[in-house]
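Here's the structure, in structure tokens; my notes come after.
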Amino acid sequence: MPSIYNLTIVNHIISKLKKADFRAEFFNLATAFQKSVIHHLYTQLGRAKFRMAGVRLGKNVSINGKVYLSRFKHSTIKIGNNCTFNAHDLFNTRGTGHCIIRTHTDYALIEIGNNSGFSGVSINACQSIKIGKNVMVGTGTAIADNDDHPERLGTEPKPVVIGDNVFIGMRCIIMKGVTIGNNAIIGAGSIVTKDIPANSVAAGVPCKIIRQV
């Protein structure tokens, strides 16, 4: 006769099996495998493309999806260690588009510090964009040091500086000439037209300081 202890174990296993959602678990395993394939494939191809374009690439840079890259002659694109570029919906819970990293003039500069992460971001420099270390940028955000169609607007580029440990929410626009200080938080959907000081939370259109942290 089976012992009460053994019957308890069997009943516990049966109860767990009844509650299990095998379809969801199988689908999650398949998705994890798909993410692993995408990560390894695009990271290897992306790193090779970056190096061919003359990008100064740090160690352990991850590229998850399509990144559109162009480097104008004599310009500099420098990406630090352990940076991540997510450009595939599987790598962002809100969904994400392609990443774009481009310089548009001779001697323009894009510099990104260590341990920074980007989802579906657009970074376009005619003069200088400097992004610090430990920066997180949400999906759909555009960062540019210039106005589109300057030939019609008659405007000039102005450098953008984003400090260390900055968090920028999804679908923000960082306009030319802006400095965002260390440890700042920019709320989703903001349009940053003026400097944001360090250790502050800011949001809105145009972006305004809400409080200090």
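We name chains A, B, ... following the order of the structure tokens; residues begin at 1 in each chain, and ligands are numbered from 1 as shown.
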Please identify which residues in range 1-198 of chain A DSSP calls helix (DSSP H, G or I) from the backbone, and express them as a VMD selection string. chain A and resid 4 to 19 22 to 52 89 to 91 150 to 153
Do you have the CA of Phe85 in chain A-CA of Gln127 in chain A distance handy?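 According to the coordinates, CA of Phe85 in chain A and CA of Gln127 in chain A are separated by 22.2 Å.
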By how many Å are CA of Leu57 in chain A and CA of Asp164 in chain A apart?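 These atoms are spaced 18.9 Å apart.
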Using only C-alpha atoms, the residue out of A:Ala24, A:Val160, A:Ile168, A:Val55 with shortest distance to Asn183 in chain A is A:Ile168
I'd like to know which of A:Leu90, A:Val201, A:Ala30, A:Val61 is closest to Leu45 in chain A, using only C-alpha atoms. A:Val61
Looking at A:Val161, A:Leu153, A:Ile186, A:Cys126, which one is nearest to Thr141 in chain A, with distances taken over only C-alpha atoms?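 Among the listed residues, A:Ile186 lies closest to Thr141 in chain A.
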Run DSSP on the backbone of this structure and report the residues of chain A it assigns to strand (DSSP E or B), as a PyMOL selection string. chain A and resi 56-57+62-65+67-70+76-79+84-87+99-103+109-112+117-119+122-125+128-131+136-137+142-144+160-162+167-168+173-174+179-180+185-186+191-192+196+200-203+208-212
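Computed from the coordinates, the CA of Cys172 in chain A to CA of Val213 in chain A distance equals 20.3 Å.
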Residue nearest Lys66 in chain A - candidates A:Asn81, A:Asp106, A:Phe22, A:Val121, atoms counted: only C-alpha atoms: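 Under the stated criterion, the closest residue is A:Val121.
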Neighbouring residues of Arg71 in chain A were defined as those with any atom within 12 Å, considering only C-alpha atoms; residues of the same chain fewer than 5 positions away were excluded. Please report them as an MDAnalysis selection string. chainID A and resid 49:56 76:78 100:110 123:126
I want to know what sits within 10 Å of Phe118 in chain A, based on only C-alpha atoms, with residues of the same chain fewer than 5 positions away left out; could you give that as a PDB file with all heavy atoms, in the first residue's frame?
```
ATOM      1  N   ILE A  63      23.279  44.267 -30.551  1.00  0.00           N
ATOM      2  CA  ILE A  63      22.447  44.877 -31.588  1.00  0.00           C
ATOM      3  C   ILE A  63      21.304  43.908 -31.889  1.00  0.00           C
ATOM      4  O   ILE A  63      21.514  42.857 -32.501  1.00  0.00           O
ATOM      5  CB  ILE A  63      23.274  45.173 -32.851  1.00  0.00           C
ATOM      6  CG1 ILE A  63      24.440  46.106 -32.509  1.00  0.00           C
ATOM      7  CG2 ILE A  63      22.400  45.794 -33.941  1.00  0.00           C
ATOM      8  CD1 ILE A  63      25.499  46.200 -33.573  1.00  0.00           C
ATOM      9  N   CYS A  83      27.014  48.581 -24.593  1.00  0.00           N
ATOM     10  CA  CYS A  83      25.831  49.310 -25.052  1.00  0.00           C
ATOM     11  C   CYS A  83      24.882  48.364 -25.793  1.00  0.00           C
ATOM     12  O   CYS A  83      25.316  47.373 -26.388  1.00  0.00           O
ATOM     13  CB  CYS A  83      26.230  50.467 -25.969  1.00  0.00           C
ATOM     14  SG  CYS A  83      27.041  51.822 -25.095  1.00  0.00           S
ATOM     15  N   THR A  84      23.588  48.687 -25.764  1.00  0.00           N
ATOM     16  CA  THR A  84      22.574  47.847 -26.399  1.00  0.00           C
ATOM     17  C   THR A  84      21.683  48.694 -27.286  1.00  0.00           C
ATOM     18  O   THR A  84      21.224  49.766 -26.879  1.00  0.00           O
ATOM     19  CB  THR A  84      21.711  47.144 -25.335  1.00  0.00           C
ATOM     20  OG1 THR A  84      22.543  46.315 -24.515  1.00  0.00           O
ATOM     21  CG2 THR A  84      20.639  46.270 -25.987  1.00  0.00           C
ATOM     22  N   PHE A  85      21.419  48.190 -28.496  1.00  0.00           N
ATOM     23  CA  PHE A  85      20.497  48.834 -29.427  1.00  0.00           C
ATOM     24  C   PHE A  85      19.390  47.837 -29.764  1.00  0.00           C
ATOM     25  O   PHE A  85      19.627  46.834 -30.441  1.00  0.00           O
ATOM     26  CB  PHE A  85      21.234  49.275 -30.696  1.00  0.00           C
ATOM     27  CG  PHE A  85      22.282  50.316 -30.453  1.00  0.00           C
ATOM     28  CD1 PHE A  85      23.581  49.951 -30.154  1.00  0.00           C
ATOM     29  CD2 PHE A  85      21.959  51.667 -30.491  1.00  0.00           C
ATOM     30  CE1 PHE A  85      24.559  50.905 -29.908  1.00  0.00           C
ATOM     31  CE2 PHE A  85      22.923  52.634 -30.246  1.00  0.00           C
ATOM     32  CZ  PHE A  85      24.226  52.256 -29.954  1.00  0.00           C
ATOM     33  N   ASN A  86      18.193  48.095 -29.261  1.00  0.00           N
ATOM     34  CA  ASN A  86      17.048  47.231 -29.541  1.00  0.00           C
ATOM     35  C   ASN A  86      16.259  47.802 -30.709  1.00  0.00           C
ATOM     36  O   ASN A  86      15.828  48.951 -30.674  1.00  0.00           O
ATOM     37  CB  ASN A  86      16.147  47.122 -28.310  1.00  0.00           C
ATOM     38  CG  ASN A  86      16.803  46.331 -27.195  1.00  0.00           C
ATOM     39  OD1 ASN A  86      17.571  45.413 -27.450  1.00  0.00           O
ATOM     40  ND2 ASN A  86      16.506  46.682 -25.960  1.00  0.00           N
ATOM     41  N   ALA A  87      16.077  46.971 -31.728  1.00  0.00           N
ATOM     42  CA  ALA A  87      15.383  47.419 -32.932  1.00  0.00           C
ATOM     43  C   ALA A  87      14.465  46.320 -33.452  1.00  0.00           C
ATOM     44  O   ALA A  87      14.295  46.129 -34.644  1.00  0.00           O
ATOM     45  CB  ALA A  87      16.394  47.820 -34.003  1.00  0.00           C
ATOM     46  N   CYS A  99      16.590  51.333 -35.326  1.00  0.00           N
ATOM     47  CA  CYS A  99      17.486  52.367 -34.817  1.00  0.00           C
ATOM     48  C   CYS A  99      18.193  53.042 -35.984  1.00  0.00           C
ATOM     49  O   CYS A  99      18.499  52.406 -36.993  1.00  0.00           O
ATOM     50  CB  CYS A  99      18.527  51.767 -33.877  1.00  0.00           C
ATOM     51  SG  CYS A  99      17.875  51.223 -32.279  1.00  0.00           S
ATOM     52  N   VAL A 135      23.031  55.600 -19.713  1.00  0.00           N
ATOM     53  CA  VAL A 135      21.865  56.326 -20.213  1.00  0.00           C
ATOM     54  C   VAL A 135      20.873  55.327 -20.808  1.00  0.00           C
ATOM     55  O   VAL A 135      21.267  54.398 -21.517  1.00  0.00           O
ATOM     56  CB  VAL A 135      22.280  57.366 -21.271  1.00  0.00           C
ATOM     57  CG1 VAL A 135      21.064  57.999 -21.930  1.00  0.00           C
ATOM     58  CG2 VAL A 135      23.164  58.431 -20.640  1.00  0.00           C
ATOM     59  N   MET A 136      19.578  55.523 -20.528  1.00  0.00           N
ATOM     60  CA  MET A 136      18.524  54.690 -21.112  1.00  0.00           C
ATOM     61  C   MET A 136      17.587  55.578 -21.920  1.00  0.00           C
ATOM     62  O   MET A 136      17.098  56.593 -21.402  1.00  0.00           O
ATOM     63  CB  MET A 136      17.747  53.950 -20.027  1.00  0.00           C
ATOM     64  CG  MET A 136      18.569  52.929 -19.256  1.00  0.00           C
ATOM     65  SD  MET A 136      17.583  52.058 -18.009  1.00  0.00           S
ATOM     66  CE  MET A 136      16.421  51.179 -19.060  1.00  0.00           C
ATOM     67  N   VAL A 137      17.320  55.177 -23.164  1.00  0.00           N
ATOM     68  CA  VAL A 137      16.475  55.979 -24.050  1.00  0.00           C
ATOM     69  C   VAL A 137      15.347  55.098 -24.583  1.00  0.00           C
ATOM     70  O   VAL A 137      15.592  54.052 -25.196  1.00  0.00           O
ATOM     71  CB  VAL A 137      17.290  56.567 -25.217  1.00  0.00           C
ATOM     72  CG1 VAL A 137      16.395  57.406 -26.115  1.00  0.00           C
ATOM     73  CG2 VAL A 137      18.446  57.419 -24.687  1.00  0.00           C
ATOM     74  N   GLY A 138      14.103  55.531 -24.362  1.00  0.00           N
ATOM     75  CA  GLY A 138      12.932  54.749 -24.739  1.00  0.00           C
ATOM     76  C   GLY A 138      12.648  54.758 -26.228  1.00  0.00           C
ATOM     77  O   GLY A 138      13.158  55.587 -26.989  1.00  0.00           O
ATOM     78  N   THR A 139      11.792  53.840 -26.628  1.00  0.00           N
ATOM     79  CA  THR A 139      11.496  53.624 -28.036  1.00  0.00           C
ATOM     80  C   THR A 139      10.876  54.849 -28.701  1.00  0.00           C
ATOM     81  O   THR A 139      10.078  55.571 -28.097  1.00  0.00           O
ATOM     82  CB  THR A 139      10.561  52.409 -28.200  1.00  0.00           C
ATOM     83  OG1 THR A 139      10.352  52.152 -29.582  1.00  0.00           O
ATOM     84  CG2 THR A 139       9.224  52.642 -27.528  1.00  0.00           C
ATOM     85  N   GLY A 140      11.275  55.077 -29.937  1.00  0.00           N
ATOM     86  CA  GLY A 140      10.699  56.162 -30.723  1.00  0.00           C
ATOM     87  C   GLY A 140      11.264  57.533 -30.445  1.00  0.00           C
ATOM     88  O   GLY A 140      10.741  58.528 -30.962  1.00  0.00           O
ATOM     89  N   THR A 141      12.307  57.625 -29.651  1.00  0.00           N
ATOM     90  CA  THR A 141      12.904  58.926 -29.323  1.00  0.00           C
ATOM     91  C   THR A 141      13.852  59.386 -30.429  1.00  0.00           C
ATOM     92  O   THR A 141      14.585  58.583 -31.003  1.00  0.00           O
ATOM     93  CB  THR A 141      13.653  58.847 -27.984  1.00  0.00           C
ATOM     94  OG1 THR A 141      12.686  58.718 -26.928  1.00  0.00           O
ATOM     95  CG2 THR A 141      14.502  60.077 -27.727  1.00  0.00           C
ATOM     96  N   ILE A 168      15.456  58.695 -20.460  1.00  0.00           N
ATOM     97  CA  ILE A 168      14.585  59.419 -21.381  1.00  0.00           C
ATOM     98  C   ILE A 168      13.463  58.482 -21.800  1.00  0.00           C
ATOM     99  O   ILE A 168      13.711  57.409 -22.368  1.00  0.00           O
ATOM    100  CB  ILE A 168      15.363  59.914 -22.614  1.00  0.00           C
ATOM    101  CG1 ILE A 168      16.471  60.878 -22.171  1.00  0.00           C
ATOM    102  CG2 ILE A 168      14.434  60.597 -23.607  1.00  0.00           C
ATOM    103  CD1 ILE A 168      17.393  61.326 -23.295  1.00  0.00           C
TER     104      ILE A 168
END
```
Pick out the closest residue to Gly117 in chain A from this set: A:Leu69, A:Ile131, A:Ala32, A:Ala203. Count only C-alpha atoms.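 Among the listed residues, the smallest separation from Gly117 in chain A belongs to A:Ile131.
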